[in-house]
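S.K.: Provided herewith: structure-v9.tsv, TSV, C-alpha atoms.
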```tsv
chain	number	residue	atom	x	y	z
A	1	MET	CA	-16.80	19.16	-5.78
A	2	GLU	CA	-19.74	16.78	-6.07
A	3	THR	CA	-23.25	17.59	-4.89
A	4	GLN	CA	-23.73	16.17	-1.40
A	5	GLN	CA	-25.82	13.02	-1.14
A	6	LYS	CA	-27.31	11.94	2.17
A	7	PRO	CA	-26.31	8.32	2.79
A	8	GLY	CA	-29.12	5.79	2.92
A	9	THR	CA	-29.38	3.01	5.46
A	10	ARG	CA	-27.99	0.44	2.99
A	11	MET	CA	-24.99	0.46	0.70
A	12	ARG	CA	-23.27	-1.81	-1.79
A	13	ALA	CA	-20.02	-3.42	-0.72
A	14	ALA	CA	-17.63	-6.17	-1.82
A	15	VAL	CA	-17.47	-8.80	0.91
A	16	ALA	CA	-15.62	-12.04	1.58
A	17	TYR	CA	-17.18	-14.28	4.23
A	18	ARG	CA	-14.80	-17.17	3.62
A	19	PHE	CA	-11.15	-17.66	2.73
A	20	GLY	CA	-10.46	-18.67	-0.83
A	21	GLY	CA	-9.83	-17.53	-4.37
A	22	PRO	CA	-11.24	-14.45	-6.08
A	23	GLU	CA	-14.66	-16.09	-6.24
A	24	ALA	CA	-14.88	-15.80	-2.44
A	25	VAL	CA	-15.69	-12.11	-2.97
A	26	ARG	CA	-19.17	-10.93	-3.88
A	27	VAL	CA	-21.06	-7.63	-4.00
A	28	GLU	CA	-24.05	-7.31	-1.68
A	29	GLN	CA	-26.12	-4.82	0.30
A	30	ARG	CA	-24.89	-4.01	3.80
A	31	PRO	CA	-25.87	-1.47	6.47
A	32	THR	CA	-24.29	1.93	5.92
A	33	PRO	CA	-21.80	2.52	8.77
A	34	THR	CA	-22.38	5.26	11.32
A	35	PRO	CA	-19.32	7.33	12.29
A	36	LYS	CA	-18.24	7.47	15.92
A	37	ALA	CA	-17.37	10.75	17.61
A	38	ASP	CA	-13.79	10.68	16.33
A	39	GLU	CA	-14.56	9.37	12.82
A	40	LEU	CA	-15.41	10.63	9.35
A	41	LEU	CA	-17.98	8.97	7.13
A	42	VAL	CA	-16.74	9.02	3.55
A	43	ARG	CA	-18.59	8.37	0.32
A	44	VAL	CA	-15.96	6.24	-1.39
A	45	HIS	CA	-15.25	6.96	-5.04
A	46	ALA	CA	-12.23	4.69	-5.47
A	47	SER	CA	-10.03	2.22	-3.63
A	48	THR	CA	-7.36	-0.27	-4.70
A	49	VAL	CA	-7.07	-4.05	-4.54
A	50	SER	CA	-3.72	-4.46	-2.82
A	51	ILE	CA	-1.48	-7.27	-1.61
A	52	ALA	CA	-3.08	-6.80	1.82
A	53	ASP	CA	-6.51	-7.53	0.35
A	54	TYR	CA	-5.09	-10.61	-1.33
A	55	ARG	CA	-3.66	-11.89	1.95
A	56	MET	CA	-6.84	-11.25	3.96
A	57	ARG	CA	-8.99	-12.99	1.34
A	58	SER	CA	-6.71	-15.91	0.47
A	59	ARG	CA	-5.33	-16.64	3.96
A	60	ASP	CA	-1.86	-16.54	2.43
A	61	LEU	CA	0.97	-15.04	4.48
A	62	PRO	CA	4.72	-14.97	3.72
A	63	GLU	CA	6.80	-18.05	4.44
A	64	GLY	CA	6.73	-19.15	8.05
A	65	LEU	CA	3.95	-16.79	9.15
A	66	GLY	CA	1.08	-19.25	8.94
A	67	PHE	CA	0.75	-19.32	12.73
A	68	LEU	CA	-0.35	-15.67	12.59
A	69	VAL	CA	-3.38	-16.43	10.40
A	70	PRO	CA	-5.91	-16.69	13.27
A	71	ILE	CA	-4.60	-13.48	14.87
A	72	SER	CA	-4.19	-11.26	11.83
A	73	LEU	CA	-6.61	-12.74	9.30
A	74	GLY	CA	-9.24	-14.65	11.28
A	75	PHE	CA	-9.88	-18.19	12.53
A	76	PHE	CA	-12.45	-19.59	10.12
A	77	ARG	CA	-13.31	-16.60	7.92
A	78	PRO	CA	-11.76	-13.22	7.08
A	79	ARG	CA	-11.64	-11.03	10.16
A	80	LYS	CA	-12.65	-8.04	8.02
A	81	PRO	CA	-15.21	-9.17	5.40
A	82	VAL	CA	-15.24	-5.77	3.64
A	83	LEU	CA	-11.72	-5.35	2.31
A	84	GLY	CA	-9.95	-2.20	1.09
A	85	MET	CA	-7.16	-0.41	2.97
A	86	ASP	CA	-7.19	2.90	1.08
A	87	LEU	CA	-9.72	5.28	-0.42
A	88	ALA	CA	-10.42	8.51	-2.22
A	89	GLY	CA	-13.80	10.08	-1.67
A	90	VAL	CA	-15.96	12.83	-0.22
A	91	VAL	CA	-16.70	13.40	3.45
A	92	VAL	CA	-20.45	13.19	4.08
A	93	ALA	CA	-20.52	13.34	7.89
A	94	VAL	CA	-18.13	13.84	10.81
A	95	GLY	CA	-18.30	12.93	14.49
A	96	ASP	CA	-18.44	15.54	17.24
A	97	LYS	CA	-14.74	15.23	18.05
A	98	VAL	CA	-13.48	15.57	14.46
A	99	THR	CA	-11.60	18.76	13.62
A	100	GLY	CA	-10.09	19.95	10.35
A	101	PHE	CA	-12.51	18.15	8.06
A	102	ALA	CA	-16.13	18.82	7.13
A	103	PRO	CA	-18.82	17.41	4.86
A	104	GLY	CA	-17.98	18.13	1.25
A	105	ASP	CA	-14.20	17.79	1.64
A	106	GLU	CA	-12.53	15.64	-1.02
A	107	ILE	CA	-9.95	13.45	0.68
A	108	ILE	CA	-7.59	10.53	0.40
A	109	ALA	CA	-7.19	8.25	3.41
A	110	MET	CA	-5.54	5.08	4.63
A	111	PRO	CA	-7.90	3.13	6.92
A	112	GLY	CA	-5.21	0.46	6.94
A	113	GLY	CA	-5.96	-2.56	9.11
A	114	MET	CA	-9.55	-1.39	9.63
A	115	PHE	CA	-10.19	-2.23	5.96
A	116	GLY	CA	-13.76	-1.39	4.82
A	117	ALA	CA	-12.98	0.75	1.75
A	118	HIS	CA	-14.46	-1.60	-0.88
A	119	ALA	CA	-17.88	-0.13	-0.20
A	120	GLU	CA	-19.93	2.92	-1.08
A	121	TYR	CA	-19.35	4.36	2.40
A	122	ALA	CA	-16.54	3.86	4.90
A	123	ARG	CA	-15.68	5.06	8.40
A	124	VAL	CA	-12.23	6.58	8.88
A	125	PRO	CA	-10.93	7.51	12.35
A	126	GLN	CA	-9.31	10.93	12.46
A	127	SER	CA	-6.21	9.24	13.91
A	128	LYS	CA	-5.62	7.52	10.55
A	129	ALA	CA	-3.71	9.08	7.66
A	130	ILE	CA	-6.09	11.55	5.98
A	131	ALA	CA	-5.31	14.37	3.56
A	132	ARG	CA	-6.98	16.59	1.02
A	133	LYS	CA	-7.20	14.95	-2.38
A	134	PRO	CA	-4.72	16.33	-4.94
A	135	ALA	CA	-6.59	19.08	-6.80
A	136	SER	CA	-4.91	18.15	-10.08
A	137	LEU	CA	-5.96	14.48	-10.03
A	138	ASP	CA	-9.31	12.72	-10.20
A	139	MET	CA	-10.41	10.23	-7.55
A	140	GLN	CA	-9.10	7.16	-9.33
A	141	GLU	CA	-5.70	8.72	-9.96
A	142	SER	CA	-5.51	10.01	-6.40
A	143	VAL	CA	-6.20	6.68	-4.72
A	144	ALA	CA	-3.29	5.10	-6.63
A	145	LEU	CA	-0.98	7.25	-4.48
A	146	VAL	CA	-2.25	6.11	-1.11
A	147	PHE	CA	-1.24	2.52	-0.25
A	148	GLY	CA	2.16	2.65	-1.95
A	149	GLY	CA	2.90	6.23	-0.95
A	150	HIS	CA	2.00	5.73	2.70
A	151	THR	CA	4.09	2.56	2.96
A	152	ALA	CA	7.08	4.05	1.14
A	153	LEU	CA	6.99	7.19	3.30
A	154	ALA	CA	7.02	5.12	6.49
A	155	PHE	CA	10.06	3.06	5.50
A	156	LEU	CA	12.08	5.91	3.96
A	157	GLU	CA	11.51	7.93	7.12
A	158	ARG	CA	12.59	4.97	9.27
A	159	ALA	CA	15.94	4.90	7.49
A	160	GLY	CA	16.27	8.69	7.45
A	161	VAL	CA	16.84	8.75	3.69
A	162	GLY	CA	18.05	12.16	2.63
A	163	PRO	CA	20.19	14.14	0.17
A	164	GLY	CA	23.11	12.23	-1.29
A	165	ASP	CA	22.04	8.83	0.00
A	166	GLU	CA	22.24	5.89	-2.39
A	167	VAL	CA	19.04	3.88	-2.28
A	168	LEU	CA	18.10	0.63	-4.03
A	169	VAL	CA	14.43	-0.25	-4.49
A	170	ASN	CA	13.93	-3.97	-5.11
A	171	GLY	CA	10.55	-4.45	-6.78
A	172	ALA	CA	10.39	-0.93	-8.16
A	173	SER	CA	7.36	-1.46	-10.40
A	174	GLY	CA	4.78	-2.31	-7.73
A	175	ALA	CA	2.54	0.05	-5.77
A	176	VAL	CA	5.13	0.62	-3.04
A	177	GLY	CA	8.12	0.49	-5.39
A	178	THR	CA	6.88	3.11	-7.85
A	179	ALA	CA	6.14	5.46	-4.94
A	180	ALA	CA	9.46	4.73	-3.23
A	181	VAL	CA	11.49	5.56	-6.34
A	182	GLN	CA	9.80	8.95	-6.65
A	183	LEU	CA	9.77	9.82	-2.95
A	184	ALA	CA	13.43	8.88	-2.50
A	185	LYS	CA	14.31	11.14	-5.44
A	186	GLN	CA	12.32	13.95	-3.83
A	187	ARG	CA	14.48	13.53	-0.74
A	188	GLY	CA	17.60	14.01	-2.84
A	189	ALA	CA	18.71	10.39	-2.99
A	190	TRP	CA	20.44	8.61	-5.86
A	191	VAL	CA	18.07	5.77	-6.75
A	192	THR	CA	18.79	2.38	-8.26
A	193	ALA	CA	15.62	0.52	-9.20
A	194	VAL	CA	15.29	-3.25	-9.71
A	195	CYS	CA	12.42	-4.57	-11.84
A	196	GLY	CA	11.57	-6.90	-14.72
A	197	THR	CA	12.26	-6.23	-18.39
A	198	ARG	CA	8.79	-4.95	-19.30
A	199	ASN	CA	8.89	-2.23	-16.62
A	200	VAL	CA	12.39	-0.84	-17.17
A	201	ASP	CA	11.20	2.16	-19.20
A	202	LEU	CA	8.40	2.95	-16.77
A	203	VAL	CA	10.65	2.92	-13.73
A	204	ARG	CA	13.24	5.05	-15.51
A	205	SER	CA	10.50	7.57	-16.37
A	206	LEU	CA	9.72	7.85	-12.64
A	207	GLY	CA	13.17	9.26	-12.02
A	208	ALA	CA	15.38	6.27	-11.21
A	209	ASP	CA	19.02	7.10	-11.83
A	210	ARG	CA	19.80	3.51	-12.71
A	211	VAL	CA	17.54	0.57	-13.52
A	212	ILE	CA	18.61	-3.04	-13.10
A	213	ASP	CA	16.67	-5.73	-14.96
A	214	TYR	CA	16.68	-8.62	-12.50
A	215	THR	CA	16.33	-11.13	-15.35
A	216	ALA	CA	19.74	-10.05	-16.65
A	217	GLU	CA	21.67	-9.00	-13.53
A	218	ASP	CA	21.77	-9.88	-9.83
A	219	PHE	CA	22.20	-6.61	-7.95
A	220	THR	CA	23.88	-8.42	-5.04
A	221	LYS	CA	26.71	-9.64	-7.29
A	222	ASN	CA	27.89	-6.39	-8.91
A	223	GLY	CA	29.92	-5.13	-5.93
A	224	GLU	CA	27.91	-1.92	-5.50
A	225	THR	CA	26.75	-0.78	-2.05
A	226	TYR	CA	23.87	1.36	-0.85
A	227	ASP	CA	22.87	3.40	2.17
A	228	ALA	CA	19.44	1.76	2.11
A	229	ILE	CA	17.87	-1.21	0.36
A	230	LEU	CA	14.06	-1.28	0.25
A	231	ASP	CA	12.82	-4.81	-0.44
A	232	CYS	CA	9.27	-4.83	-1.82
A	233	VAL	CA	9.52	-8.41	-3.14
A	234	GLY	CA	10.61	-10.57	-0.22
A	235	ASN	CA	13.67	-12.12	-1.86
A	236	ALA	CA	16.37	-9.92	-0.28
A	237	PRO	CA	16.98	-11.23	3.27
A	238	PHE	CA	19.91	-9.78	5.18
A	239	ASP	CA	22.25	-12.71	4.59
A	240	ARG	CA	21.82	-12.23	0.83
A	241	VAL	CA	22.27	-8.44	0.70
A	242	ALA	CA	24.47	-7.67	3.74
A	243	ASP	CA	27.54	-6.99	1.58
A	244	SER	CA	25.48	-4.59	-0.58
A	245	ILE	CA	24.67	-2.33	2.39
A	246	LYS	CA	27.15	0.35	3.46
A	247	PRO	CA	28.35	0.51	7.09
A	248	GLY	CA	25.57	2.08	9.12
A	249	GLY	CA	23.09	1.57	6.29
A	250	ALA	CA	19.64	0.01	6.35
A	251	LEU	CA	17.67	-2.93	5.01
A	252	LEU	CA	13.96	-2.04	4.86
A	253	LEU	CA	11.88	-5.22	4.62
A	254	VAL	CA	8.48	-4.27	3.26
A	255	VAL	CA	7.82	-7.93	2.41
A	256	THR	CA	9.60	-10.60	4.41
A	257	SER	CA	9.54	-14.08	5.91
A	258	LEU	CA	9.30	-15.29	9.49
A	259	ARG	CA	13.01	-16.08	9.47
A	260	SER	CA	13.92	-12.50	8.56
A	261	MET	CA	11.46	-11.12	11.12
A	262	VAL	CA	12.94	-13.19	13.92
A	263	ARG	CA	16.51	-12.34	12.95
A	264	ALA	CA	16.02	-8.62	12.28
A	265	SER	CA	17.05	-7.38	15.74
A	266	ARG	CA	19.98	-9.77	15.95
A	267	ASP	CA	21.21	-8.86	12.47
A	268	SER	CA	20.97	-5.16	13.34
A	269	ARG	CA	22.88	-5.59	16.58
A	270	ARG	CA	25.66	-7.73	15.13
A	271	SER	CA	26.16	-5.77	11.91
A	272	GLY	CA	25.60	-2.18	13.01
A	273	LYS	CA	23.20	-1.90	10.07
A	274	LEU	CA	19.49	-1.24	10.57
A	275	VAL	CA	17.35	-4.24	9.62
A	276	THR	CA	13.66	-3.47	10.07
A	277	ILE	CA	10.27	-4.90	9.14
A	278	SER	CA	8.37	-1.73	10.05
A	279	GLY	CA	8.39	1.91	9.14
A	280	THR	CA	7.94	5.07	11.17
A	281	PRO	CA	4.29	6.11	11.78
A	282	VAL	CA	3.26	8.61	9.09
A	283	SER	CA	1.96	11.92	10.42
A	284	GLN	CA	-0.95	13.79	8.87
A	285	ASP	CA	1.43	16.42	7.54
A	286	GLN	CA	3.73	13.82	5.99
A	287	PHE	CA	0.77	12.08	4.38
A	288	SER	CA	-0.44	15.43	3.02
A	289	GLU	CA	2.92	15.73	1.27
A	290	LEU	CA	1.70	13.09	-1.20
A	291	SER	CA	-1.01	15.49	-2.38
A	292	ARG	CA	1.34	18.45	-2.45
A	293	LEU	CA	3.91	16.58	-4.52
A	294	ALA	CA	1.25	15.28	-6.90
A	295	ASP	CA	-0.11	18.79	-7.48
A	296	ALA	CA	3.45	20.00	-8.12
A	297	GLY	CA	3.92	17.27	-10.74
A	298	ALA	CA	6.61	15.61	-8.63
A	299	LEU	CA	4.70	12.43	-7.73
A	300	ARG	CA	2.92	10.42	-10.37
A	301	PRO	CA	0.33	7.74	-9.67
A	302	VAL	CA	0.89	4.48	-11.54
A	303	THR	CA	-2.24	2.50	-12.34
A	304	ASP	CA	-2.14	-0.87	-14.05
A	305	ARG	CA	-5.87	-1.52	-14.47
A	306	THR	CA	-9.19	-0.10	-13.26
A	307	TYR	CA	-12.25	-2.21	-12.45
A	308	ASP	CA	-15.80	-1.32	-11.45
A	309	LEU	CA	-17.09	-2.59	-8.11
A	310	ASP	CA	-19.24	-5.16	-9.94
A	311	ASP	CA	-16.06	-6.58	-11.47
A	312	VAL	CA	-14.23	-6.93	-8.14
A	313	VAL	CA	-13.70	-10.68	-8.68
A	314	GLU	CA	-11.79	-9.96	-11.89
A	315	ALA	CA	-9.74	-7.35	-10.04
A	316	HIS	CA	-8.76	-9.91	-7.40
A	317	ARG	CA	-8.03	-12.47	-10.09
A	318	TYR	CA	-5.59	-10.08	-11.76
A	319	VAL	CA	-3.86	-9.16	-8.48
A	320	ASP	CA	-3.46	-12.89	-7.79
A	321	THR	CA	-1.22	-13.20	-10.85
A	322	GLY	CA	1.48	-11.31	-8.94
A	323	HIS	CA	2.37	-9.27	-12.02
A	324	LYS	CA	0.56	-5.99	-11.51
A	325	THR	CA	2.41	-2.73	-12.16
A	326	GLY	CA	1.63	0.02	-9.69
A	327	SER	CA	-1.96	-0.12	-8.43
A	328	VAL	CA	-5.12	-1.95	-9.42
A	329	VAL	CA	-7.90	0.58	-8.87
A	330	LEU	CA	-11.46	-0.30	-7.87
A	331	ARG	CA	-14.00	2.28	-9.01
A	332	ILE	CA	-16.78	2.47	-6.38
A	333	ALA	CA	-18.97	5.53	-7.00
```
What is this structure when it is put down as structure tokens?
M.R.:
Amino acid sequence: METQQKPGTRMRAAVAYRFGGPEAVRVEQRPTPTPKADELLVRVHASTVSIADYRMRSRDLPEGLGFLVPISLGFFRPRKPVLGMDLAGVVVAVGDKVTGFAPGDEIIAMPGGMFGAHAEYARVPQSKAIARKPASLDMQESVALVFGGHTALAFLERAGVGPGDEVLVNGASGAVGTAAVQLAKQRGAWVTAVCGTRNVDLVRSLGADRVIDYTAEDFTKNGETYDAILDCVGNAPFDRVADSIKPGGALLLVVTSLRSMVRASRDSRRSGKLVTISGTPVSQDQFSELSRLADAGALRPVTDRTYDLDDVVEAHRYVDTGHKTGSVVLRIA
């Protein structure tokens, strides 16, 4: 555990005051946040640059969702100038209403839509997903579990994935996909993973029972069916994959278009198959399972590249390529 450092009144943070490319982000001094009564103040050691950061910075939403830009991203500039939805770090202060955590605790957390983790210090409400950092991993390894693991947990729980279920993960090499493959296996499912050629060996090493290279085979054309399909790419709408889902099965749309969002309830009602764009809220205990599994060697973080805070523009530039494997980690402290 690191020696405690009292936060100063100023901190370094990566900020984006305008929409645009990677160059819209810069590192500057900002006031150190003060935690409210129900919040923790965390000295951030690491975060990731995720697809959510890309969307907030670039003003780019999936097809048909442009009308949501002012609401979710901001009218003329990013609604949250300090990006970063996940973190690993050390608690330095807690509000009067916080229980279960104290200064000095090493944690992982998912501030989510609050953002703010691309900074030396971040506020995290106790209502958010917070857990002890895996003892067996360092901060940068630990944070690579958070965004993908939290998202995968929420969707797998929504579908009730359990022993004997057959699950297909479309986009199995990304942050969510690599976590979903491993977490579905931990639940006793038989997992088919879909990814590109260069990631076949990686995904197989994560425990996938079968790996389909999408450049060589279309999983919707082979006649196989699944209890749940988790789409982390956005190219598996219900009308394309309906025949690949077993009666009573589920289509879990992690990435989707406006058309699929609008039709989700109707498709569910007409087909008797669950079509959903959201997962089940993740409890603190469920989130803590990520750390427990990591310490047991049953959940492995996958990191593509690691960048220092001063190189945050390069980190965004790489995420913009759309070809990252697992997580792109941002080293803060």
S.K.: Using only C-alpha atoms, which protein or nucleic acid residues come within 12 Å of A:Arg263? Drop anything in the same chain fewer than 4 positions from it, and give the result as a PyMOL selection string.
M.R.: chain A and resi 237-239+253+256-259+267-271+274-277
S.K.: For A:Ala13, work out the shell of residues within 10 Å, counting all atoms listed in the file and skipping chain neighbours fewer than 6 positions away, then give it as a ChimeraX atom specification.
M.R.: /A:25-32,81-83,116-122,309-310,332
S.K.: So, counting only C-alpha atoms, which residue among A:Ala88, A:Ala298, A:Val124, A:Val282 is closest to A:Ser205?
M.R.: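 Among A:Ala88, A:Ala298, A:Val124, A:Val282, it is A:Ala298 that comes nearest to A:Ser205.
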S.K.: Which residue, A:Leu153, A:Pro35, A:Met139, A:Leu168, has the smallest gap to A:Asp96 when you use all atoms listed in the file?
M.R.: A:Pro35
S.K.: For A:Leu206, find every residue with an atom within 9 Å (counting all atoms listed in the file), except residues of its own chain fewer than 6 positions away, and show them as an mmCIF file with C-alpha atoms, in the coordinates of the input.
M.R.:
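Done, and the output landed in around02.cif:
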```cif
data_model
loop_
_atom_site.group_PDB
_atom_site.id
_atom_site.type_symbol
_atom_site.label_atom_id
_atom_site.label_comp_id
_atom_site.auth_asym_id
_atom_site.auth_seq_id
_atom_site.Cartn_x
_atom_site.Cartn_y
_atom_site.Cartn_z
ATOM 1 C CA THR A 178 6.880 3.110 -7.850
ATOM 2 C CA ALA A 179 6.140 5.460 -4.940
ATOM 3 C CA VAL A 181 11.490 5.560 -6.340
ATOM 4 C CA GLN A 182 9.800 8.950 -6.650
ATOM 5 C CA LEU A 299 4.700 12.430 -7.730
ATOM 6 C CA ARG A 300 2.920 10.420 -10.370
#
```
S.K.: Starting from 6 Å padding per side, set up an axis-aligned box that covers all listed atoms of stretch 85-91 of chain A and hand over centre and edge lengths in Å, one decimal, as lines of an AutoDock Vina configuration file.
M.R.:
```
center_x = -11.9
center_y = 6.5
center_z = 0.6
size_x = 21.5
size_y = 25.8
size_z = 17.7
```
S.K.: With distances taken over all atoms listed in the file, which residue among A:Phe19, A:Phe287, A:Trp190, A:Phe101 lies nearest A:Glu39?
M.R.: A:Phe101
S.K.: Quick check, in Å to one decimal: how far apart do atom CA of A:Thr9 and atom CA of A:Val146 lie?
M.R.: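 One can read the atom CA of A:Thr9 to atom CA of A:Val146 distance as 28.1 Å.
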S.K.: Do you know which residues are at most 6 Å from stretch 208-218 of chain A counting all atoms listed in the file, after dropping those on the same chain fewer than 6 positions away, and could you put them as an MDAnalysis selection string?
M.R.: chainID A and resid 191:197
S.K.: Show me the residues close to (17.8, 11.8, 4.8) - anything with an atom within 12 Å, counting all atoms listed in the file - and format the list as an MDAnalysis selection string.
M.R.: chainID A and resid 153 155:167 183:190 227:228 249
S.K.: How many Å separate atom CA of A:Ala154 from atom CA of A:Gly112?
M.R.: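 According to the coordinates, atom CA of A:Ala154 and atom CA of A:Gly112 are separated by 13.1 Å.
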S.K.: Identify, on the basis of all atoms listed in the file, every residue whose closest approach to A:Thr151 does not exceed 8 Å; exclude the query and any residue fewer than 4 positions from it along the same chain; express the result as a ChimeraX atom specification.
M.R.: /A:147,155,176,279
S.K.: Kindly save the residues from that selection, with C-alpha atoms included, as a compact mmCIF listing (two decimals), keeping the file's coordinate frame.
M.R.:
```
# COMPACT_ATOMS: atom_id res chain seq x y z
CA PHE A 147 -1.24 2.52 -0.25
CA PHE A 155 10.06 3.06 5.50
CA VAL A 176 5.13 0.62 -3.04
CA GLY A 279 8.39 1.91 9.14
```
